[in-house]
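**Student:** What follows is start.cif, made up of mmCIF, C-alpha atoms and all ligand atoms:
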```
data_structure
#
loop_
_atom_site.label_atom_id
_atom_site.label_comp_id
_atom_site.auth_asym_id
_atom_site.auth_seq_id
_atom_site.Cartn_x
_atom_site.Cartn_y
_atom_site.Cartn_z
CA MET A 34 27.84 107.84 -206.13
CA VAL A 35 30.28 106.46 -208.71
CA ASN A 36 32.95 104.20 -207.30
CA THR A 37 36.23 105.84 -208.28
CA LEU A 38 38.51 103.49 -206.38
CA PRO A 39 41.40 101.94 -208.34
CA MET A 40 41.21 98.26 -209.24
CA GLN A 41 43.36 96.95 -206.38
CA GLN A 42 41.14 97.93 -203.49
CA THR A 43 42.94 99.27 -200.46
CA THR A 44 40.78 98.59 -197.44
CA ALA A 45 41.22 101.27 -194.83
CA PRO A 46 42.20 99.74 -191.47
CA PHE A 47 39.38 99.67 -188.96
CA LEU A 48 39.43 102.41 -186.36
CA LYS A 49 39.67 100.82 -182.93
CA LEU A 50 36.97 102.16 -180.62
CA PRO A 51 37.77 102.61 -176.90
CA SER A 52 36.34 99.66 -174.96
CA ASP A 53 34.97 99.35 -171.44
CA GLN A 54 36.72 95.98 -171.22
CA ASP A 55 40.23 97.48 -171.02
CA ALA A 56 42.20 100.64 -170.23
CA SER A 57 41.22 102.26 -173.55
CA GLY A 58 37.73 102.96 -172.27
CA ARG A 59 38.04 103.05 -168.50
CA THR A 60 38.92 105.93 -166.16
CA LEU A 61 41.24 103.89 -163.94
CA GLY A 62 44.57 105.56 -163.13
CA ALA A 63 46.74 107.35 -160.61
CA GLU A 64 43.89 108.23 -158.24
CA GLU A 65 42.81 104.61 -157.93
CA ILE A 66 46.39 103.48 -157.38
CA ALA A 67 46.90 106.11 -154.66
CA CYS A 68 43.76 105.02 -152.82
CA LEU A 69 44.65 101.35 -153.19
CA THR A 70 48.16 101.95 -151.88
CA GLU A 71 46.74 103.70 -148.86
CA ALA A 72 44.30 100.86 -148.24
CA ILE A 73 47.04 98.27 -148.43
CA HIS A 74 49.38 100.21 -146.15
CA SER A 75 46.58 100.52 -143.62
CA GLY A 76 46.60 96.74 -143.27
CA THR A 77 42.82 96.72 -142.86
CA LEU A 78 41.07 95.16 -145.81
CA THR A 79 37.66 94.46 -144.31
CA SER A 80 35.01 97.14 -144.49
CA THR A 81 33.76 96.35 -140.99
CA LYS A 82 36.94 97.95 -139.64
CA GLY A 83 38.27 100.07 -142.51
CA THR A 84 37.55 103.59 -143.76
CA PHE A 85 37.29 103.39 -147.55
CA VAL A 86 33.96 101.60 -147.91
CA LYS A 87 32.47 103.86 -145.23
CA ALA A 88 33.70 106.95 -147.07
CA LEU A 89 32.34 105.59 -150.35
CA GLU A 90 28.91 105.04 -148.78
CA LYS A 91 28.86 108.54 -147.33
CA GLN A 92 29.93 110.22 -150.57
CA PHE A 93 27.59 108.19 -152.75
CA ALA A 94 24.63 109.04 -150.52
CA GLU A 95 25.59 112.73 -150.71
CA LEU A 96 25.95 112.61 -154.47
CA LEU A 97 22.49 111.10 -154.95
CA GLY A 98 20.96 113.19 -152.18
CA VAL A 99 19.69 110.19 -150.23
CA LYS A 100 19.87 109.41 -146.55
CA TYR A 101 21.62 106.04 -146.82
CA ALA A 102 23.93 104.20 -149.20
CA TYR A 103 25.49 100.81 -148.50
CA ALA A 104 28.17 99.13 -150.56
CA CYS A 105 28.04 95.43 -151.40
CA SER A 106 29.80 92.90 -153.58
CA SER A 107 27.88 93.20 -156.87
CA GLY A 108 24.83 94.62 -158.59
CA SER A 109 23.16 91.23 -158.15
CA ALA A 110 23.93 91.39 -154.43
CA ALA A 111 22.44 94.90 -154.39
CA VAL A 112 19.18 93.66 -155.90
CA HIS A 113 19.14 90.67 -153.53
CA THR A 114 19.71 92.99 -150.58
CA ALA A 115 16.86 95.23 -151.71
CA ILE A 116 14.44 92.32 -152.01
CA ALA A 117 15.53 90.80 -148.71
CA ALA A 118 14.90 94.18 -147.06
CA ILE A 119 11.35 94.20 -148.40
CA ASP A 120 11.06 90.65 -147.03
CA PRO A 121 8.44 88.95 -149.23
CA GLU A 122 6.49 85.94 -147.98
CA PRO A 123 7.13 82.81 -150.06
CA GLY A 124 4.92 83.02 -153.15
CA ASP A 125 4.58 86.80 -153.08
CA GLU A 126 4.95 88.37 -156.52
CA ILE A 127 7.54 90.91 -157.52
CA ILE A 128 6.85 92.72 -160.75
CA THR A 129 9.84 92.99 -163.06
CA THR A 130 11.00 93.10 -166.67
CA SER A 131 12.35 90.26 -168.76
CA ILE A 132 14.79 92.59 -170.56
CA THR A 133 17.43 92.90 -167.90
CA ASP A 134 20.50 91.26 -166.43
CA MET A 135 19.82 87.81 -164.91
CA GLY A 136 21.45 89.11 -161.73
CA ALA A 137 18.39 91.28 -161.24
CA LEU A 138 16.01 88.30 -161.47
CA THR A 139 17.51 85.33 -159.60
CA PRO A 140 17.48 87.19 -156.25
CA ILE A 141 13.67 87.19 -156.43
CA LEU A 142 13.66 83.38 -156.55
CA TYR A 143 16.31 83.13 -153.82
CA GLN A 144 13.97 85.06 -151.54
CA GLY A 145 11.14 82.64 -152.33
CA ALA A 146 9.18 85.17 -154.36
CA ILE A 147 7.76 84.88 -157.88
CA PRO A 148 9.03 87.19 -160.60
CA ARG A 149 5.93 88.53 -162.32
CA PHE A 150 7.12 89.62 -165.74
CA VAL A 151 5.32 92.53 -167.34
CA ASP A 152 5.67 93.93 -170.84
CA VAL A 153 7.79 96.92 -171.85
CA ASP A 154 7.38 99.94 -174.08
CA PRO A 155 8.76 98.80 -177.47
CA VAL A 156 10.54 102.14 -177.95
CA THR A 157 12.42 102.42 -174.63
CA LEU A 158 12.29 98.75 -173.59
CA ASN A 159 11.42 100.05 -170.11
CA VAL A 160 8.38 98.98 -168.08
CA THR A 161 5.62 101.59 -167.77
CA ALA A 162 2.78 102.30 -165.34
CA GLU A 163 0.44 100.83 -167.93
CA THR A 164 2.31 97.51 -168.28
CA ILE A 165 2.90 97.29 -164.51
CA GLU A 166 -0.79 97.77 -163.79
CA LYS A 167 -1.62 94.65 -165.82
CA GLY A 168 0.66 92.58 -163.56
CA LEU A 169 -0.63 93.88 -160.22
CA THR A 170 -2.42 91.34 -158.02
CA ASP A 171 -3.21 91.08 -154.33
CA ARG A 172 0.08 89.15 -154.04
CA THR A 173 2.27 91.97 -155.42
CA LYS A 174 4.92 92.77 -152.82
CA ALA A 175 7.23 95.05 -154.82
CA ILE A 176 7.93 96.44 -158.28
CA ILE A 177 11.41 96.48 -159.80
CA VAL A 178 11.96 99.16 -162.41
CA THR A 179 15.07 98.84 -164.58
CA HIS A 180 16.26 102.04 -166.23
CA LEU A 181 17.52 100.22 -169.29
CA PHE A 182 20.57 101.46 -171.22
CA GLY A 183 20.70 104.58 -168.98
CA ASN A 184 17.31 105.94 -170.02
CA PRO A 185 15.14 106.68 -166.96
CA SER A 186 11.68 105.12 -166.78
CA ASN A 187 8.67 107.36 -166.20
CA MET A 188 8.89 107.23 -162.42
CA THR A 189 6.21 109.90 -161.97
CA GLU A 190 3.54 107.63 -163.40
CA ILE A 191 5.00 104.46 -161.90
CA LEU A 192 5.24 105.92 -158.38
CA GLU A 193 1.75 107.34 -158.63
CA LEU A 194 0.42 103.87 -159.37
CA ALA A 195 2.64 102.11 -156.81
CA ASN A 196 1.92 104.61 -154.04
CA SER A 197 -1.81 104.33 -154.63
CA ARG A 198 -1.48 100.61 -153.83
CA GLY A 199 1.18 101.00 -151.14
CA ILE A 200 3.71 98.92 -153.07
CA PRO A 201 7.44 99.76 -152.80
CA VAL A 202 9.42 100.38 -156.00
CA ILE A 203 13.00 99.14 -156.33
CA GLU A 204 14.96 101.02 -159.00
CA ASP A 205 17.57 98.90 -160.78
CA THR A 206 19.97 101.70 -161.62
CA ALA A 207 22.92 99.49 -162.63
CA GLN A 208 22.95 101.04 -166.11
CA ALA A 209 21.76 104.50 -165.13
CA PHE A 210 24.17 106.30 -162.77
CA LEU A 211 23.08 109.97 -162.55
CA ALA A 212 20.20 109.53 -164.98
CA GLN A 213 17.42 111.97 -164.11
CA HIS A 214 13.68 112.04 -164.38
CA ASN A 215 12.03 115.40 -163.70
CA GLY A 216 15.22 116.66 -162.07
CA GLN A 217 15.49 113.69 -159.72
CA TYR A 218 18.19 111.06 -159.78
CA ALA A 219 17.39 107.51 -160.77
CA GLY A 220 17.90 105.37 -157.70
CA ALA A 221 16.71 108.18 -155.42
CA MET A 222 13.02 108.21 -156.37
CA GLY A 223 11.76 104.77 -155.36
CA ALA A 224 12.02 103.00 -152.00
CA ILE A 225 15.42 101.52 -152.88
CA GLY A 226 18.01 102.09 -155.61
CA CYS A 227 20.44 99.38 -156.77
CA PHE A 228 23.73 100.03 -158.55
CA SER A 229 26.52 97.92 -160.05
CA LEU A 230 30.25 98.60 -160.31
CA GLN A 231 30.90 95.68 -162.65
CA GLN A 232 33.54 96.10 -165.39
CA GLY A 233 31.18 97.46 -168.04
CA LYS A 234 29.23 100.02 -166.03
CA HIS A 235 29.80 103.82 -165.96
CA ILE A 236 32.33 103.52 -163.14
CA THR A 237 33.89 100.24 -162.09
CA THR A 238 35.78 98.21 -159.54
CA GLY A 239 35.58 95.03 -161.60
CA GLU A 240 32.82 93.81 -159.31
CA GLY A 241 30.84 95.74 -156.75
CA GLY A 242 27.46 97.22 -155.94
CA LEU A 243 25.57 99.82 -153.93
CA VAL A 244 22.08 100.20 -152.50
CA THR A 245 20.42 103.50 -151.58
CA THR A 246 17.33 104.49 -149.62
CA ASN A 247 15.72 107.27 -147.62
CA ASP A 248 13.75 104.82 -145.49
CA ASP A 249 15.15 104.15 -142.01
CA ALA A 250 13.67 100.66 -141.66
CA LEU A 251 14.76 99.50 -145.11
CA ALA A 252 18.21 100.97 -144.49
CA ARG A 253 18.53 99.03 -141.27
CA ARG A 254 17.56 95.75 -142.92
CA MET A 255 19.91 96.34 -145.86
CA PHE A 256 22.80 97.22 -143.55
CA LEU A 257 22.19 93.96 -141.69
CA TYR A 258 21.57 91.81 -144.75
CA ILE A 259 24.93 92.68 -146.32
CA ASN A 260 26.68 91.46 -143.18
CA LYS A 261 25.01 88.13 -142.23
CA ALA A 262 22.31 90.08 -140.37
CA PHE A 263 24.70 90.56 -137.48
CA GLY A 264 23.85 93.55 -135.35
CA TYR A 265 27.20 95.29 -135.43
CA GLY A 266 27.27 98.07 -132.86
CA ASP A 267 24.18 96.85 -130.99
CA ALA A 268 24.18 96.33 -127.23
CA ASN A 269 23.41 92.62 -127.56
CA PRO A 270 24.25 91.79 -131.17
CA ASP A 271 22.91 88.58 -132.66
CA HIS A 272 22.27 87.16 -136.15
CA TYR A 273 18.76 88.45 -136.51
CA PHE A 274 17.58 86.69 -139.69
CA ILE A 275 18.74 84.69 -142.72
CA ALA A 276 21.34 86.65 -144.67
CA LEU A 277 24.58 86.30 -146.60
CA ASN A 278 27.98 87.96 -146.60
CA TYR A 279 27.68 90.51 -149.39
CA ARG A 280 30.27 92.91 -147.96
CA MET A 281 32.48 95.00 -150.21
CA ASN A 282 36.14 94.83 -149.20
CA GLU A 283 38.41 97.82 -148.66
CA LEU A 284 40.44 97.30 -151.84
CA THR A 285 37.26 97.54 -153.88
CA GLY A 286 36.07 100.44 -151.76
CA ALA A 287 39.35 102.30 -152.37
CA VAL A 288 39.00 101.98 -156.15
CA ALA A 289 35.33 102.97 -156.00
CA LEU A 290 36.13 106.01 -153.90
CA ALA A 291 38.61 107.17 -156.56
CA GLN A 292 36.14 106.41 -159.36
CA LEU A 293 33.27 108.34 -157.84
CA PRO A 294 34.55 111.90 -158.49
CA LYS A 295 34.97 110.93 -162.15
CA LEU A 296 31.37 109.83 -162.60
CA GLN A 297 29.85 113.17 -163.58
CA SER A 298 32.47 113.72 -166.25
CA VAL A 299 31.94 110.18 -167.58
CA VAL A 300 28.24 110.90 -167.90
CA ASP A 301 28.80 114.35 -169.44
CA ARG A 302 31.14 112.98 -172.08
CA ARG A 303 28.81 110.10 -172.93
CA GLN A 304 25.92 112.52 -173.31
CA SER A 305 27.79 114.99 -175.46
CA THR A 306 29.10 112.38 -177.91
CA ALA A 307 25.68 110.70 -178.02
CA ALA A 308 24.12 114.06 -178.96
CA LYS A 309 26.67 114.42 -181.74
CA LEU A 310 25.90 111.00 -183.18
CA THR A 311 22.17 111.64 -182.92
CA ALA A 312 22.59 114.90 -184.85
CA LYS A 313 24.57 113.13 -187.56
CA LEU A 314 21.98 110.38 -187.97
CA GLN A 315 18.96 112.69 -188.17
CA GLY A 316 16.70 111.95 -191.09
CA LEU A 317 18.29 108.62 -191.93
CA ALA A 318 15.42 106.50 -193.22
CA GLY A 319 14.83 103.23 -191.39
CA VAL A 320 16.88 104.10 -188.32
CA ALA A 321 15.55 105.87 -185.22
CA THR A 322 17.92 107.43 -182.69
CA PRO A 323 17.48 106.95 -178.91
CA TYR A 324 14.30 108.29 -177.36
CA CYS A 325 14.46 110.25 -174.15
CA ALA A 326 11.44 112.00 -172.64
CA ALA A 327 11.59 115.80 -172.50
CA GLY A 328 13.20 116.95 -169.25
CA ASP A 329 14.85 113.59 -168.56
CA GLN A 330 18.57 112.84 -168.62
CA HIS A 331 19.62 109.70 -170.49
CA VAL A 332 23.15 108.73 -169.41
CA PHE A 333 23.96 106.46 -172.35
CA TRP A 334 25.23 103.26 -170.85
CA LYS A 335 24.64 102.11 -174.41
CA TYR A 336 23.47 103.93 -177.52
CA CYS A 337 20.53 102.13 -179.08
CA LEU A 338 19.17 102.47 -182.57
CA ARG A 339 15.78 101.18 -183.58
CA VAL A 340 15.98 99.59 -186.98
CA ASP A 341 12.98 99.25 -189.26
CA SER A 342 13.18 95.92 -191.11
CA GLN A 343 10.61 97.20 -193.63
CA VAL A 344 13.25 99.68 -194.81
CA ILE A 345 16.54 97.95 -194.01
CA ALA A 346 17.20 94.45 -195.27
CA ASP A 347 17.37 92.03 -192.34
CA GLY A 348 16.74 94.89 -189.92
CA ALA A 349 18.98 95.20 -186.87
CA VAL A 350 20.70 91.88 -187.60
CA GLY A 351 21.54 92.98 -191.15
CA LEU A 352 22.83 96.34 -189.99
CA ALA A 353 24.98 94.76 -187.26
CA LYS A 354 26.52 92.36 -189.76
CA LYS A 355 27.43 95.19 -192.16
CA LEU A 356 28.89 97.33 -189.36
CA LYS A 357 31.11 94.47 -188.27
CA GLU A 358 32.20 93.36 -191.72
CA GLU A 359 32.72 96.77 -193.29
CA LYS A 360 33.96 98.81 -190.34
CA GLY A 361 34.87 96.40 -187.54
CA ILE A 362 32.18 97.88 -185.28
CA PHE A 363 30.67 95.31 -182.91
CA SER A 364 27.06 95.94 -181.97
CA ALA A 365 24.37 93.79 -180.40
CA PRO A 366 21.11 93.25 -182.26
CA ARG A 367 18.37 92.26 -179.77
CA TYR A 368 20.63 93.11 -176.74
CA ILE A 369 19.65 89.77 -175.17
CA GLN A 370 18.94 86.79 -177.38
CA LYS A 371 15.56 86.13 -175.80
CA PRO A 372 13.37 87.52 -173.03
CA ALA A 373 14.52 86.21 -169.64
CA PHE A 374 11.34 84.16 -169.17
CA GLN A 375 12.43 81.98 -172.08
CA CYS A 376 15.67 81.02 -170.28
CA GLN A 377 15.74 77.55 -168.71
CA ILE A 378 15.65 78.86 -165.16
CA PHE A 379 12.11 80.16 -165.80
CA ALA A 380 10.87 78.08 -168.70
CA GLU A 381 11.85 74.81 -166.94
CA GLN A 382 11.70 76.15 -163.38
CA ARG A 383 15.22 75.08 -162.45
CA THR A 384 15.72 76.16 -158.88
CA PHE A 385 16.42 74.08 -155.75
CA GLY A 386 16.94 70.36 -156.37
CA ASN A 387 13.87 69.06 -158.14
CA SER A 388 11.51 71.08 -155.96
CA ARG A 389 10.78 73.86 -158.49
CA PHE A 390 10.34 76.04 -155.39
CA PRO A 391 9.18 78.83 -155.32
CA PHE A 392 7.36 78.30 -158.63
CA THR A 393 5.29 75.64 -156.80
CA LEU A 394 3.57 78.56 -155.04
CA ALA A 395 2.85 80.53 -158.22
CA THR A 396 -0.56 81.10 -159.73
CA PRO A 397 -0.88 79.99 -163.38
CA GLU A 398 -1.16 83.65 -164.46
CA ALA A 399 2.14 84.55 -162.79
CA VAL A 400 4.06 82.00 -164.85
CA ASP A 401 2.18 82.45 -168.11
CA TYR A 402 4.93 83.40 -170.52
CA ASN A 403 2.79 83.29 -173.65
CA PRO A 404 4.45 85.65 -176.17
CA THR A 405 1.10 87.27 -176.98
CA LEU A 406 1.21 88.81 -173.49
CA PHE A 407 4.49 90.55 -174.31
CA PRO A 408 4.06 92.34 -177.65
CA GLY A 409 6.27 95.31 -176.67
CA THR A 410 9.03 93.01 -175.47
CA PHE A 411 9.21 91.00 -178.68
CA SER A 412 8.83 93.89 -181.10
CA GLY A 413 11.28 96.03 -179.11
CA LEU A 414 13.93 93.30 -179.08
CA GLU A 415 13.37 92.70 -182.78
CA GLN A 416 14.17 96.34 -183.61
CA VAL A 417 16.91 97.30 -181.18
CA LEU A 418 20.55 97.57 -182.18
CA VAL A 419 22.82 98.26 -179.22
CA LEU A 420 25.98 100.19 -180.00
CA PRO A 421 28.69 100.05 -177.36
CA TRP A 422 29.16 103.50 -175.86
CA ASN A 423 32.07 105.07 -174.05
CA GLU A 424 33.24 108.26 -172.38
CA ALA A 425 36.52 108.12 -174.31
CA TYR A 426 34.89 108.46 -177.74
CA THR A 427 36.24 111.46 -179.65
CA ASP A 428 34.81 113.35 -182.62
CA GLU A 429 36.85 111.05 -184.83
CA HIS A 430 35.13 108.00 -183.33
CA ILE A 431 31.70 109.60 -183.72
CA ASP A 432 32.40 110.47 -187.37
CA TYR A 433 33.57 106.92 -187.95
CA ILE A 434 30.45 105.39 -186.38
CA ALA A 435 28.11 107.84 -188.14
CA ASP A 436 29.66 107.20 -191.54
CA ALA A 437 29.61 103.46 -190.95
CA VAL A 438 25.91 103.51 -190.07
CA LYS A 439 25.06 105.73 -193.04
CA GLN A 440 26.98 103.55 -195.48
CA ALA A 441 25.48 100.36 -194.09
CA VAL A 442 21.95 101.80 -194.21
CA LYS A 443 22.50 102.91 -197.80
CA ALA A 444 23.75 99.48 -198.82
CA LEU A 445 20.81 97.73 -197.15
CA SER A 446 17.96 100.05 -198.14
C1 LIG B 1 24.90 94.71 -164.54
C2 LIG B 1 23.49 94.64 -164.14
C3 LIG B 1 23.05 93.96 -162.99
C4 LIG B 1 23.94 93.04 -162.20
O1 LIG B 1 25.10 93.61 -161.77
P1 LIG B 1 26.37 92.66 -161.44
O2 LIG B 1 27.30 93.63 -160.77
O3 LIG B 1 26.89 92.15 -162.74
O4 LIG B 1 25.92 91.59 -160.53
C5 LIG B 1 21.74 94.03 -162.62
N1 LIG B 1 20.86 94.74 -163.34
C6 LIG B 1 21.21 95.39 -164.46
C7 LIG B 1 20.18 96.16 -165.22
C8 LIG B 1 22.54 95.36 -164.91
O5 LIG B 1 22.88 95.98 -166.03
#
```
Turn the structure described in the file into structure tokens.
**Tutor:**
Amino acid sequence: MVNTLPMQQTTAPFLKLPSDQDASGRTLGAEEIACLTEAIHSGTLTSTKGTFVKALEKQFAELLGVKYAYACSSGSAAVHTAIAAIDPEPGDEIITTSITDMGALTPILYQGAIPRFVDVDPVTLNVTAETIEKGLTDRTKAIIVTHLFGNPSNMTEILELANSRGIPVIEDTAQAFLAQHNGQYAGAMGAIGCFSLQQGKHITTGEGGLVTTNDDALARRMFLYINKAFGYGDANPDHYFIALNYRMNELTGAVALAQLPKLQSVVDRRQSTAAKLTAKLQGLAGVATPYCAAGDQHVFWKYCLRVDSQVIADGAVGLAKKLKEEKGIFSAPRYIQKPAFQCQIFAEQRTFGNSRFPFTLATPEAVDYNPTLFPGTFSGLEQVLVLPWNEAYTDEHIDYIADAVKQAVKALS
């Protein structure tokens, strides 16, 4: 195309995209204020006596179709609660992914267990039955499956493997509210589901979390763990085991209760705009749109492109740079700068004092972070470009993003 612009270039102002970091991209409004006002007027701000957190737990369990849901103070607290409920012996291994939030990993160490990192599928960046199988040992106590970016993992295959060994699966559903695999909700398929209500998730209270389960015994332990393992309501209550205060307060519960009815619409809108962008980017050489298995529901916490560096100069990094410079669109090549096992906490075993506990109990194989063992992890991170995604995107925003990507790809090809 011939450049027909006049000599003094007029740069069009960047279109500002709605952001999950402020009101432009959050669904916080009158309903949340009404609930909060009610909570404050009630004068009861602790969930042990109040009504909002209890109502949230009941409604969330109903929404997911599970027997139990318990609210807690963060997604990290949710994962910690799940692991504490499973109650590993020191040195037991818990299989997990290195492409996740650190809040999903440190709880393993706090419970004295060893995170056993397994590789991921380079396309979805999710763990698979095949990669999990390679990490199974006679010390494996649990498997954590993270549904990354809102795309559900293949839970059919994973549960088949896990069930055949009698190993519980914890679903980290922090990024995948209402995602579905084979018609079943993420967080309702494994033994325990963990959710986060942090600022940048589908619905938010700033900080907050939830755990779900259908298992009576796990439910009991999670209920206790969130509240210092004190047997509230028991005939002779005591503090039954080591546990923290991970309670959600009523103010947070009030906001969450108002957010919950908005969740389906948030997901619907994210899916419909994602489908529009995918349609617009079809056939663009060097860029692959998000993969989702047939029959599954990806809920687009983020929208990820896979960028082929053989076609596009500097790959995902080059594309991100162009998008920012030319159109003011911020994206994240690699998502995380390095796999979690390369962070100091794991690479240098920084835990409790100088003890290195619980790594002192690990087998050499469990802490072997040789990159050759993680080909999918490294190649997946190399290719991925994470575009921020939001329920408030309009057709205008989608056109803007699509044109920006097309122009950048053209310039870099
Ligand atoms: C956000 C997140 C967490 C941690 O949640 P917090 O509420 O920030 O503690 C855990 N796992 C995943 C996959 C997340 O995205």
**Student:** Taking all atoms listed in the file into account, report as a count of residues only which residues have an atom no farther than 10 Å from an atom of ligand LIG 1 (chain B).
**Tutor:** 45
**Student:** Please provide as a count of residues only all residues within 10 Å of A:Ile141, with the sequence filter that same-chain residues fewer than 5 positions apart are discarded (counting all atoms listed in the file).
**Tutor:** 17
**Student:** Counting all atoms listed in the file, find the residues whose atoms lie at most 10 Å from (25.1, 115.8, -169.7) (file coordinates) and write them out as a list in words.
**Tutor:**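 Here is the list of nearby residues: Leu211, Ala212, Gln297, Ser298, Val299, Val300, Asp301, Arg302, Arg303, Gln304, Ser305, Thr306, Ala307, Ala308, Gln330, His331, Val332 and Phe333 of chain A.
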**Student:** Hey, can you check how far atom CA of A:Ile275 sits from atom CA of A:Phe379?
**Tutor:**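 So the answer is 24.4 Å.
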**Student:** Counting all atoms listed in the file, what is within 8 Å of A:Leu50, bar same-chain residues fewer than 4 positions away, as a PyMOL selection string?
**Tutor:** chain A and resi 362+426+430
**Student:** Could you write out the selected residues, including C-alpha atoms, as a compact mmCIF listing (two decimals), in the coordinates of the input?
**Tutor:**
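As written to disk, again.txt reads:
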```txt
# COMPACT_ATOMS: atom_id res chain seq x y z
CA ILE A 362 32.18 97.88 -185.28
CA TYR A 426 34.89 108.46 -177.74
CA HIS A 430 35.13 108.00 -183.33
```
**Student:** Determine the nearest neighbour of A:Phe93 from the options A:Thr164, A:Thr173, A:Thr245, A:Thr189, counting all atoms listed in the file.
**Tutor:** A:Thr245
**Student:** Find the residue from A:Gly409, A:Gly328, A:Pro404, A:Pro294 that sits nearest to A:Asn187; use all atoms listed in the file when measuring.
**Tutor:** A:Gly328
**Student:** Which value, in Å to one decimal, gives the distance between atom CA of A:Tyr336 and atom CA of A:Phe407?
**Tutor:** 23.4 Å
**Student:** Just the number, please: distance in Å from atom CA of A:Ala373 to atom CA of A:Leu142, one decimal.
**Tutor:** 13.4 Å
**Student:** List as a list of chain:residue names the protein and nucleic acid residues near A:Glu166, meaning an atom at most 9 Å away when all atoms listed in the file are counted, but skip any in the same chain fewer than 5 places from it.
**Tutor:**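 Contacts, with the query itself left out: A:Val151, A:Thr161, A:Leu194, A:Ala195.
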**Student:** Between A:Leu352, A:Ile259, A:Phe374, A:Arg172, which has the minimum distance to A:Gly124 (counting only C-alpha atoms)?
**Tutor:** A:Arg172
**Student:** If we count all atoms listed in the file, what is near stretch 309-312 of chain A at a cut-off of 8 Å, once residues fewer than 2 positions away on the same chain are taken out, given as a tab-separated table (two decimals) with C-alpha atoms, in the frame of the given file?
**Tutor:**
```tsv
chain	number	residue	atom	x	y	z
A	305	SER	CA	27.79	114.99	-175.46
A	306	THR	CA	29.10	112.38	-177.91
A	307	ALA	CA	25.68	110.70	-178.02
A	314	LEU	CA	21.98	110.38	-187.97
A	315	GLN	CA	18.96	112.69	-188.17
A	322	THR	CA	17.92	107.43	-182.69
A	323	PRO	CA	17.48	106.95	-178.91
A	431	ILE	CA	31.70	109.60	-183.72
A	432	ASP	CA	32.40	110.47	-187.37
A	434	ILE	CA	30.45	105.39	-186.38
A	435	ALA	CA	28.11	107.84	-188.14
```
**Student:** Can you work out which one of A:Thr246, A:Val320, A:Ile225, A:Leu356 has the shortest atom-to-atom distance to A:Val344, counting all atoms listed in the file?
**Tutor:**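 Result for the nearest residue to A:Val344: A:Val320.
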**Student:** If we count all atoms listed in the file, what is near A:Asp53 at a cut-off of 9 Å, once residues fewer than 2 positions away on the same chain are taken out, given as a ChimeraX atom specification?
**Tutor:** /A:51,55-59,232-235,421-423
**Student:** Since the input is missing atoms, can you rebuild N, CA and C atoms for stretch 126-137 of chain A and write them as a PDB file, in the coordinates of the input?
**Tutor:**
```pdb
ATOM      1  N   GLU A 126       4.498  88.029-155.167  1.00  0.00           N
ATOM      2  CA  GLU A 126       4.950  88.370-156.520  1.00  0.00           C
ATOM      3  C   GLU A 126       5.726  89.678-156.531  1.00  0.00           C
ATOM      4  N   ILE A 127       6.771  89.680-157.328  1.00  0.00           N
ATOM      5  CA  ILE A 127       7.540  90.910-157.520  1.00  0.00           C
ATOM      6  C   ILE A 127       7.542  91.212-159.014  1.00  0.00           C
ATOM      7  N   ILE A 128       6.971  92.345-159.345  1.00  0.00           N
ATOM      8  CA  ILE A 128       6.850  92.720-160.750  1.00  0.00           C
ATOM      9  C   ILE A 128       8.208  93.149-161.287  1.00  0.00           C
ATOM     10  N   THR A 129       8.546  92.631-162.479  1.00  0.00           N
ATOM     11  CA  THR A 129       9.840  92.990-163.060  1.00  0.00           C
ATOM     12  C   THR A 129       9.771  92.873-164.580  1.00  0.00           C
ATOM     13  N   THR A 130      10.894  93.141-165.216  1.00  0.00           N
ATOM     14  CA  THR A 130      11.000  93.100-166.670  1.00  0.00           C
ATOM     15  C   THR A 130      11.830  91.905-167.101  1.00  0.00           C
ATOM     16  N   SER A 131      11.552  91.393-168.287  1.00  0.00           N
ATOM     17  CA  SER A 131      12.350  90.260-168.760  1.00  0.00           C
ATOM     18  C   SER A 131      13.531  90.738-169.603  1.00  0.00           C
ATOM     19  N   ILE A 132      13.622  92.070-169.828  1.00  0.00           N
ATOM     20  CA  ILE A 132      14.790  92.590-170.560  1.00  0.00           C
ATOM     21  C   ILE A 132      15.706  93.239-169.540  1.00  0.00           C
ATOM     22  N   THR A 133      16.518  92.419-168.935  1.00  0.00           N
ATOM     23  CA  THR A 133      17.430  92.900-167.900  1.00  0.00           C
ATOM     24  C   THR A 133      18.516  91.861-167.695  1.00  0.00           C
ATOM     25  N   ASP A 134      19.436  92.172-166.804  1.00  0.00           N
ATOM     26  CA  ASP A 134      20.500  91.260-166.430  1.00  0.00           C
ATOM     27  C   ASP A 134      19.917  90.157-165.541  1.00  0.00           C
ATOM     28  N   MET A 135      20.359  88.915-165.731  1.00  0.00           N
ATOM     29  CA  MET A 135      19.820  87.810-164.910  1.00  0.00           C
ATOM     30  C   MET A 135      20.084  88.052-163.421  1.00  0.00           C
ATOM     31  N   GLY A 136      21.125  88.797-163.131  1.00  0.00           N
ATOM     32  CA  GLY A 136      21.450  89.110-161.730  1.00  0.00           C
ATOM     33  C   GLY A 136      20.387  89.944-161.043  1.00  0.00           C
ATOM     34  N   ALA A 137      19.486  90.516-161.814  1.00  0.00           N
ATOM     35  CA  ALA A 137      18.390  91.280-161.240  1.00  0.00           C
ATOM     36  C   ALA A 137      17.158  90.410-161.027  1.00  0.00           C
TER      37      ALA A 137
END
```
